[in-house]
Amino acid sequence: MTDILCMGELLAEIMAEDIGQSFTEPGVFLGPYPSGAPAIFADQAAKIGASVAFIGCAGNDGFGELILNRLRSDGVDVSGISRSDELPTGTAFVTYQKDGNREFIFNISNSAAALINEDSVDPALASNCRYFHVMGSSLGNAGSIAAVKRALALVKQSGGKVSFDPNIRPEIMVSPVIQEATQLILEACDILLPSEIDLHYFCGDVPESDAVETLLNKYSMDMVVVKNAAEGCVYYDRTRSIKMPSFKVTEVDPTGAGDCFGGTLIACLAQEIEIERALKLANAAGALAVTQRGPMEGNSTVNELDHFILSVEKKHEC
Ligand code: ATP
Ligand code: MG
């Protein structure tokens with residue numbers, strides 16, 4: 001039995017060196033960094049000690065090697081990742097604007113990442129996991145939606161739990177197919193990990209606690225953990241809420257914080273770690289993630305997170 005099954009896009013990320021750098025002029029770019037929201041999540045969950053398996057597709061090229069090597073060396077079971085000779089590994093180019101916004105150029109639909117379909121799902125993996133994590137960013141085309149649906153059916157049949165990070169990008173939510181898939185996972189999930197943008201998409205312009213109450217009343221999920229970036233997170237179930245403040249750090253690169261947070265939280269839950277400690281570790285993982293350039297470069301083990309938490313708490317005592 002695997003603790004966590006992840007599925008979706010494997011990407012190489014290439015990042016502008018300077019803030020305010022544009023895609024429209026030559027400039028210096030850093031990377032390639034292993035990336036893809038579900039890959040960041042999976043790598044972090046494995047670093048926290050959970051057993052993690054991944055279903056996806058990478059090109060038979062150096063970028064594919066880069067990602068597989070990282071996942072493998074951090075303990076992820078990559079047997080469910082196929083390689084394509086026809087299409088290259090997916091890529092994401094990113095620049096940071098002076099106002100803190102990010103601009104991305106993705107190549108996913110013409111890459112190996114778009115080759116996932118129903119047949120990519122190994123029933124042995126999907127029927128033998130305790131948690132199946134779905135990223136909204138992995139619902140980008142008909143094949144990947146079919147793959148998620150197939151895995152979802154197998155996981156539910158075998159009694160596994162489903163966690164969902166909607167990762168809503170309003171620009172892709174114009175597609176009725178993606179809207180329908182997002183709604184399906186929302187209805188099926190046991191654990192929802194939304195950001196403020198996700199809550200706004202689902203519930204409109206209402207206070208966070210009202211939005212969460214609506215979701216808990218309407219759907220069968222057991223818990224909602226809202227990610228509030230530099231503010232930390234808030235846990236909600238039907239009887240209580242827990243607000244966990246963040247750790248103060250200097251943000252260098254925010255990409256991947258949410259995935260890293262989620263990977264830590266679900267890995268803790270899979271290992272029966274009590275919720276307050278799980279939330280604290282997840283906040284610490286998100287905080288450390290933003291201090292490093294590269295979406296997976298700030299991923300941390302439990303020992304590293306405990307060391308970081310202790311050093312922050314000691315500073316506060318002084
Ligand atoms: P993304 O989709 O960009 O990866 P997200 O919107 O899903 O991110 P965030 O809320 O940005 O998720 O980040 C997840 C968690 O990481 C936060 O709940 C918090 O614990 C931690 N975190 C993020 N940014 C910061 C920061 N600047 N300082 C401290 N902690 C942070
Ligand atoms: Mg996110």
# chains A, B, ... in the order shown; residues from 1 in each chain; ligands from 1
$ residues_near_ligand --ligand "ligand 2" --cutoff "8 Å" --atoms "only C-alpha atoms and all ligand atoms" --output "ChimeraX atom specification"
/A:165-168,194-195,256-259
$ residues_around --residues "Gln21 of chain A" --least-positions-apart "3" --cutoff "12 Å" --atoms "only C-alpha atoms" --output "ChimeraX atom specification"
/A:15-18,24-29,93-98,101-103
$ residues_near_ligand --ligand "ligand 1" --cutoff "10 Å" --atoms "only C-alpha atoms and all ligand atoms" --output "PDB file with C-alpha atoms, in the first residue's frame"
ATOM      1  CA  ALA A  37       2.773  21.282  -9.418  1.00  0.00           C
ATOM      2  CA  ILE A  40       6.689  19.459  -6.396  1.00  0.00           C
ATOM      3  CA  PHE A  41       3.953  18.062  -4.137  1.00  0.00           C
ATOM      4  CA  ARG A 102       4.340  36.289 -12.273  1.00  0.00           C
ATOM      5  CA  MET A 135      -3.941  19.333  -8.724  1.00  0.00           C
ATOM      6  CA  SER A 137      -3.343  22.385 -12.981  1.00  0.00           C
ATOM      7  CA  ASP A 165      -5.615  21.670  -4.591  1.00  0.00           C
ATOM      8  CA  PRO A 166      -7.791  23.555  -7.120  1.00  0.00           C
ATOM      9  CA  ASN A 167      -4.960  25.916  -8.196  1.00  0.00           C
ATOM     10  CA  ILE A 168      -7.534  27.899 -10.186  1.00  0.00           C
ATOM     11  CA  ARG A 169      -6.160  29.919 -13.090  1.00  0.00           C
ATOM     12  CA  LEU A 193      -6.555  22.841  -0.036  1.00  0.00           C
ATOM     13  CA  PRO A 194      -7.687  26.135  -1.595  1.00  0.00           C
ATOM     14  CA  SER A 195      -5.972  29.492  -1.839  1.00  0.00           C
ATOM     15  CA  GLU A 196      -7.896  32.755  -1.534  1.00  0.00           C
ATOM     16  CA  ILE A 197      -8.278  32.859  -5.357  1.00  0.00           C
ATOM     17  CA  ASP A 198      -9.751  29.333  -5.353  1.00  0.00           C
ATOM     18  CA  VAL A 225      -7.176  24.059   4.775  1.00  0.00           C
ATOM     19  CA  VAL A 226      -6.941  27.566   3.321  1.00  0.00           C
ATOM     20  CA  LYS A 227      -3.469  28.720   2.234  1.00  0.00           C
ATOM     21  CA  ASN A 228      -2.933  32.397   2.903  1.00  0.00           C
ATOM     22  CA  ALA A 229       0.641  32.919   1.602  1.00  0.00           C
ATOM     23  CA  ALA A 230       2.630  35.121   4.041  1.00  0.00           C
ATOM     24  CA  GLU A 231      -0.292  34.970   6.530  1.00  0.00           C
ATOM     25  CA  GLY A 232      -0.009  31.183   7.031  1.00  0.00           C
ATOM     26  CA  CYS A 233      -3.062  28.920   6.893  1.00  0.00           C
ATOM     27  CA  VAL A 234      -6.417  28.147   8.495  1.00  0.00           C
ATOM     28  CA  MET A 244      -1.750  28.730  12.163  1.00  0.00           C
ATOM     29  CA  PRO A 245       0.429  31.817  11.647  1.00  0.00           C
ATOM     30  CA  SER A 246       3.249  31.667   9.130  1.00  0.00           C
ATOM     31  CA  PHE A 247       6.990  31.953   9.663  1.00  0.00           C
ATOM     32  CA  LYS A 248       8.564  35.267   8.690  1.00  0.00           C
ATOM     33  CA  VAL A 249      11.039  34.814   5.842  1.00  0.00           C
ATOM     34  CA  THR A 250      12.413  36.798   2.933  1.00  0.00           C
ATOM     35  CA  GLU A 251      10.534  35.699  -0.165  1.00  0.00           C
ATOM     36  CA  VAL A 252      12.826  35.045  -3.129  1.00  0.00           C
ATOM     37  CA  ASP A 253      10.607  32.863  -5.333  1.00  0.00           C
ATOM     38  CA  PRO A 254       6.964  32.108  -4.395  1.00  0.00           C
ATOM     39  CA  THR A 255       6.416  29.430  -7.072  1.00  0.00           C
ATOM     40  CA  GLY A 256       5.702  26.031  -5.571  1.00  0.00           C
ATOM     41  CA  ALA A 257       4.924  27.168  -2.002  1.00  0.00           C
ATOM     42  CA  GLY A 258       1.359  25.890  -2.184  1.00  0.00           C
ATOM     43  CA  ASP A 259       2.421  22.538  -3.616  1.00  0.00           C
ATOM     44  CA  CYS A 260       5.127  22.172  -1.009  1.00  0.00           C
ATOM     45  CA  PHE A 261       2.640  23.087   1.755  1.00  0.00           C
ATOM     46  CA  GLY A 262       0.159  20.513   0.453  1.00  0.00           C
ATOM     47  CA  LEU A 279      -0.175  22.536   9.942  1.00  0.00           C
ATOM     48  CA  LYS A 280       2.968  23.930  11.549  1.00  0.00           C
ATOM     49  CA  LEU A 281       5.240  21.693   9.465  1.00  0.00           C
ATOM     50  CA  ALA A 282       3.282  22.597   6.309  1.00  0.00           C
ATOM     51  CA  ASN A 283       3.652  26.332   7.055  1.00  0.00           C
ATOM     52  CA  ALA A 284       7.377  25.828   7.659  1.00  0.00           C
ATOM     53  CA  ALA A 285       7.717  23.919   4.375  1.00  0.00           C
ATOM     54  CA  GLY A 286       5.878  26.680   2.470  1.00  0.00           C
ATOM     55  CA  ALA A 287       8.025  29.356   4.120  1.00  0.00           C
ATOM     56  CA  LEU A 288      11.300  27.563   3.306  1.00  0.00           C
ATOM     57  CA  ALA A 289      10.089  26.954  -0.261  1.00  0.00           C
ATOM     58  CA  VAL A 290       9.827  30.688  -0.976  1.00  0.00           C
ATOM     59  CA  THR A 291      13.368  31.371   0.266  1.00  0.00           C
ATOM     60  CA  PRO A 295      10.096  25.496  -7.396  1.00  0.00           C
TER      61      PRO A 295
END
$ select_by_dssp --residues "segment 31-127 of chain A" --states "alpha helix (DSSP H)" --output "list of chain:residue names"
A:Ala37, A:Pro38, A:Ala39, A:Ile40, A:Phe41, A:Ala42, A:Asp43, A:Gln44, A:Ala45, A:Ala46, A:Lys47, A:Gly62, A:Phe63, A:Gly64, A:Glu65, A:Leu66, A:Ile67, A:Leu68, A:Asn69, A:Arg70, A:Leu71, A:Arg72, A:Ser73, A:Pro123, A:Ala124, A:Leu125, A:Ala126
$ write_last_selection --atoms "C-alpha atoms" --output "mmCIF file, in the first residue's frame"
data_model
loop_
_atom_site.group_PDB
_atom_site.id
_atom_site.type_symbol
_atom_site.label_atom_id
_atom_site.label_comp_id
_atom_site.auth_asym_id
_atom_site.auth_seq_id
_atom_site.Cartn_x
_atom_site.Cartn_y
_atom_site.Cartn_z
ATOM 1 C CA ALA A 37 2.773 21.282 -9.418
ATOM 2 C CA PRO A 38 2.090 17.570 -8.739
ATOM 3 C CA ALA A 39 5.817 16.789 -8.981
ATOM 4 C CA ILE A 40 6.689 19.459 -6.396
ATOM 5 C CA PHE A 41 3.953 18.062 -4.137
ATOM 6 C CA ALA A 42 5.137 14.457 -4.591
ATOM 7 C CA ASP A 43 8.801 15.264 -3.989
ATOM 8 C CA GLN A 44 8.006 17.178 -0.798
ATOM 9 C CA ALA A 45 5.650 14.460 0.498
ATOM 10 C CA ALA A 46 8.393 11.847 -0.018
ATOM 11 C CA LYS A 47 10.881 14.060 1.840
ATOM 12 C CA GLY A 62 17.617 15.720 -20.575
ATOM 13 C CA PHE A 63 14.713 17.607 -18.965
ATOM 14 C CA GLY A 64 12.888 14.319 -18.416
ATOM 15 C CA GLU A 65 16.045 12.874 -16.874
ATOM 16 C CA LEU A 66 16.399 15.940 -14.623
ATOM 17 C CA ILE A 67 12.903 15.488 -13.179
ATOM 18 C CA LEU A 68 13.022 11.706 -12.854
ATOM 19 C CA ASN A 69 16.430 11.814 -11.177
ATOM 20 C CA ARG A 70 15.190 14.322 -8.596
ATOM 21 C CA LEU A 71 12.000 12.412 -7.821
ATOM 22 C CA ARG A 72 13.837 9.098 -7.672
ATOM 23 C CA SER A 73 16.600 10.396 -5.431
ATOM 24 C CA PRO A 123 -4.800 0.054 -11.531
ATOM 25 C CA ALA A 124 -2.389 -1.537 -9.069
ATOM 26 C CA LEU A 125 -1.146 1.925 -8.038
ATOM 27 C CA ALA A 126 -4.586 3.574 -7.929
#
$ residues_around --residues "Ile14 of chain A" --least-positions-apart "6" --cutoff "6 Å" --atoms "only C-alpha atoms" --output "PyMOL selection string"
chain A and resi 30-32+93
$ closest_residue --among "A:Val162, A:Val206, A:Cys57, A:Glu180" --to "Ser220 of chain A" --atoms "only C-alpha atoms"
A:Val162
$ residues_around --residues "Leu192 of chain A" --least-positions-apart "2" --cutoff "6 Å" --atoms "only C-alpha atoms" --output "PyMOL selection string"
chain A and resi 163-164+224
$ select_by_dssp --residues "segment 55-133 of chain A" --states "strand (DSSP E)" --output "PyMOL selection string"
chain A and resi 55-59+77-84+90-96+102-107+129-133
$ write_last_selection --atoms "N, CA, C and O atoms" --output "CSV table (one decimal), in the first residue's frame"
chain,number,residue,atom,x,y,z
A,55,ILE,N,2.2,9.1,-11.4
A,55,ILE,CA,1.8,8.7,-12.7
A,55,ILE,C,1.9,10.0,-13.6
A,55,ILE,O,1.4,11.0,-13.3
A,56,GLY,N,2.7,9.8,-14.7
A,56,GLY,CA,2.9,11.0,-15.6
A,56,GLY,C,3.7,10.6,-16.8
A,56,GLY,O,4.0,9.4,-17.0
A,57,CYS,N,4.1,11.6,-17.6
A,57,CYS,CA,4.9,11.3,-18.8
A,57,CYS,C,5.9,12.4,-19.0
A,57,CYS,O,5.5,13.6,-18.9
A,58,ALA,N,7.1,12.0,-19.3
A,58,ALA,CA,8.2,12.9,-19.6
A,58,ALA,C,8.8,12.5,-20.9
A,58,ALA,O,8.7,11.4,-21.4
A,59,GLY,N,9.5,13.5,-21.6
A,59,GLY,CA,10.1,13.2,-22.8
A,59,GLY,C,11.4,12.4,-22.6
A,59,GLY,O,11.9,12.4,-21.4
A,77,ASP,N,8.3,6.8,-6.0
A,77,ASP,CA,8.2,5.6,-6.9
A,77,ASP,C,7.8,6.2,-8.3
A,77,ASP,O,6.7,6.7,-8.5
A,78,VAL,N,8.8,6.1,-9.3
A,78,VAL,CA,8.5,6.7,-10.6
A,78,VAL,C,8.1,5.6,-11.6
A,78,VAL,O,8.1,5.9,-12.8
A,79,SER,N,7.8,4.4,-11.1
A,79,SER,CA,7.4,3.3,-12.1
A,79,SER,C,6.2,3.6,-12.9
A,79,SER,O,6.0,3.1,-14.0
A,80,GLY,N,5.4,4.6,-12.5
A,80,GLY,CA,4.2,5.0,-13.2
A,80,GLY,C,4.4,6.1,-14.2
A,80,GLY,O,3.5,6.6,-14.8
A,81,ILE,N,5.7,6.5,-14.4
A,81,ILE,CA,6.0,7.6,-15.3
A,81,ILE,C,6.6,7.0,-16.6
A,81,ILE,O,7.5,6.2,-16.6
A,82,SER,N,5.9,7.3,-17.7
A,82,SER,CA,6.3,6.8,-19.0
A,82,SER,C,7.2,7.8,-19.7
A,82,SER,O,7.2,9.0,-19.2
A,83,ARG,N,7.9,7.4,-20.7
A,83,ARG,CA,8.8,8.4,-21.4
A,83,ARG,C,8.3,8.4,-22.9
A,83,ARG,O,8.0,7.3,-23.5
A,84,SER,N,8.4,9.6,-23.5
A,84,SER,CA,8.0,9.7,-24.9
A,84,SER,C,9.2,10.0,-25.8
A,84,SER,O,10.0,10.8,-25.5
A,90,GLY,N,7.6,18.7,-21.0
A,90,GLY,CA,6.9,20.0,-20.9
A,90,GLY,C,7.9,21.1,-20.2
A,90,GLY,O,8.8,20.7,-19.4
A,91,THR,N,7.6,22.3,-20.5
A,91,THR,CA,8.4,23.4,-19.9
A,91,THR,C,7.6,24.6,-19.4
A,91,THR,O,6.4,24.7,-19.9
A,92,ALA,N,8.1,25.3,-18.5
A,92,ALA,CA,7.5,26.5,-18.0
A,92,ALA,C,8.6,27.6,-17.9
A,92,ALA,O,9.6,27.3,-17.3
A,93,PHE,N,8.4,28.7,-18.6
A,93,PHE,CA,9.3,29.8,-18.4
A,93,PHE,C,8.6,30.8,-17.5
A,93,PHE,O,7.4,31.0,-17.6
A,94,VAL,N,9.3,31.4,-16.6
A,94,VAL,CA,8.6,32.4,-15.7
A,94,VAL,C,9.5,33.6,-15.5
A,94,VAL,O,10.7,33.6,-15.4
A,95,THR,N,8.8,34.8,-15.4
A,95,THR,CA,9.4,36.0,-15.0
A,95,THR,C,8.6,36.6,-13.9
A,95,THR,O,7.4,36.4,-13.8
A,96,TYR,N,9.3,37.4,-13.0
A,96,TYR,CA,8.6,38.0,-11.9
A,96,TYR,C,8.5,39.5,-12.2
A,96,TYR,O,9.6,40.1,-12.5
A,102,ARG,N,3.5,37.2,-11.4
A,102,ARG,CA,4.3,36.3,-12.3
A,102,ARG,C,3.8,36.2,-13.7
A,102,ARG,O,2.5,36.2,-13.8
A,103,GLU,N,4.6,36.0,-14.6
A,103,GLU,CA,4.1,35.8,-16.0
A,103,GLU,C,4.8,34.5,-16.4
A,103,GLU,O,6.0,34.2,-16.2
A,104,PHE,N,3.9,33.6,-17.0
A,104,PHE,CA,4.4,32.2,-17.4
A,104,PHE,C,4.2,32.1,-18.9
A,104,PHE,O,3.3,32.5,-19.5
A,105,ILE,N,5.2,31.3,-19.5
A,105,ILE,CA,4.9,30.7,-20.8
A,105,ILE,C,5.1,29.2,-20.6
A,105,ILE,O,6.1,28.7,-20.3
A,106,PHE,N,3.9,28.5,-20.8
A,106,PHE,CA,3.9,27.1,-20.6
A,106,PHE,C,4.0,26.4,-22.0
A,106,PHE,O,3.4,26.8,-22.9
A,107,ASN,N,4.7,25.3,-22.0
A,107,ASN,CA,4.5,24.4,-23.2
A,107,ASN,C,4.2,23.0,-22.5
A,107,ASN,O,5.0,22.2,-22.2
A,129,CYS,N,-3.6,2.9,-2.8
A,129,CYS,CA,-3.1,4.1,-2.1
A,129,CYS,C,-4.1,4.6,-1.1
A,129,CYS,O,-5.3,4.4,-1.2
A,130,ARG,N,-3.5,5.3,-0.1
A,130,ARG,CA,-4.4,5.8,1.0
A,130,ARG,C,-4.9,7.2,0.7
A,130,ARG,O,-6.0,7.6,1.1
A,131,TYR,N,-4.1,7.9,0.0
A,131,TYR,CA,-4.5,9.3,-0.5
A,131,TYR,C,-4.2,9.4,-2.0
A,131,TYR,O,-3.1,9.0,-2.4
A,132,PHE,N,-5.1,10.0,-2.7
A,132,PHE,CA,-4.8,10.4,-4.1
A,132,PHE,C,-4.9,11.9,-4.2
A,132,PHE,O,-5.9,12.5,-3.8
A,133,HIS,N,-3.8,12.6,-4.6
A,133,HIS,CA,-3.8,14.0,-4.6
A,133,HIS,C,-4.0,14.5,-6.0
A,133,HIS,O,-3.3,14.1,-7.0
$ atom_distance --atom1 "atom CA of Lys161 of chain A" --atom2 "atom CA of Glu9 of chain A"
21.1 Å
$ closest_residue --among "A:Val174, A:Cys318, A:Met296, A:Ile242" --to "Leu11 of chain A" --atoms "only C-alpha atoms"
A:Met296
$ residues_around --residues "Met223 of chain A" --least-positions-apart "2" --cutoff "8 Å" --atoms "only C-alpha atoms" --output "PDB file with N, CA and C atoms, in the first residue's frame"
ATOM      1  N   ASP A 190     -12.083  14.599  -0.239  1.00  0.00           N
ATOM      2  CA  ASP A 190     -12.233  14.522   1.216  1.00  0.00           C
ATOM      3  C   ASP A 190     -11.521  15.688   1.888  1.00  0.00           C
ATOM      4  N   ILE A 191     -10.458  16.183   1.230  1.00  0.00           N
ATOM      5  CA  ILE A 191      -9.649  17.270   1.785  1.00  0.00           C
ATOM      6  C   ILE A 191      -9.471  18.311   0.685  1.00  0.00           C
ATOM      7  N   LEU A 192      -9.824  19.564   1.002  1.00  0.00           N
ATOM      8  CA  LEU A 192      -9.667  20.639   0.011  1.00  0.00           C
ATOM      9  C   LEU A 192      -8.590  21.603   0.492  1.00  0.00           C
ATOM     10  N   LEU A 216     -18.334  23.263   3.133  1.00  0.00           N
ATOM     11  CA  LEU A 216     -18.497  22.118   4.047  1.00  0.00           C
ATOM     12  C   LEU A 216     -19.958  21.670   4.113  1.00  0.00           C
ATOM     13  N   MET A 221     -16.618  16.831   1.707  1.00  0.00           N
ATOM     14  CA  MET A 221     -15.241  16.934   2.232  1.00  0.00           C
ATOM     15  C   MET A 221     -15.245  17.016   3.761  1.00  0.00           C
ATOM     16  N   VAL A 225      -8.314  23.300   4.233  1.00  0.00           N
ATOM     17  CA  VAL A 225      -7.176  24.059   4.775  1.00  0.00           C
ATOM     18  C   VAL A 225      -6.879  25.177   3.774  1.00  0.00           C
ATOM     19  N   TYR A 235      -7.141  25.949   9.187  1.00  0.00           N
ATOM     20  CA  TYR A 235      -7.772  24.624   9.060  1.00  0.00           C
ATOM     21  C   TYR A 235      -9.232  24.728   9.485  1.00  0.00           C
ATOM     22  N   TYR A 236     -10.115  24.106   8.744  1.00  0.00           N
ATOM     23  CA  TYR A 236     -11.537  24.064   9.118  1.00  0.00           C
ATOM     24  C   TYR A 236     -12.061  22.641   8.971  1.00  0.00           C
ATOM     25  N   ASP A 237     -12.837  22.178   9.968  1.00  0.00           N
ATOM     26  CA  ASP A 237     -13.700  21.014   9.733  1.00  0.00           C
ATOM     27  C   ASP A 237     -15.102  21.409  10.203  1.00  0.00           C
ATOM     28  N   ARG A 238     -16.001  20.462  10.410  1.00  0.00           N
ATOM     29  CA  ARG A 238     -17.379  20.862  10.726  1.00  0.00           C
ATOM     30  C   ARG A 238     -17.552  21.322  12.168  1.00  0.00           C
TER      31      ARG A 238
END
$ residues_around --residues "Val177 of chain A" --least-positions-apart "5" --cutoff "10 Å" --atoms "only C-alpha atoms" --output "count of residues only"
7
$ atom_distance --atom1 "atom CA of Glu297 of chain A" --atom2 "atom CA of Tyr33 of chain A"
8.0 Å
$ closest_residue --among "A:Ser127, A:Asn110, A:Gln179, A:Thr239" --to "Gly160 of chain A" --atoms "only C-alpha atoms"
A:Ser127
$ atom_distance --atom1 "atom CA of Gly75 of chain A" --atom2 "atom CA of Asp306 of chain A"
20.1 Å
$ closest_residue --among "A:Tyr201, A:Arg240, A:Leu154, A:Glu118" --to "Glu213 of chain A" --atoms "only C-alpha atoms"
A:Arg240
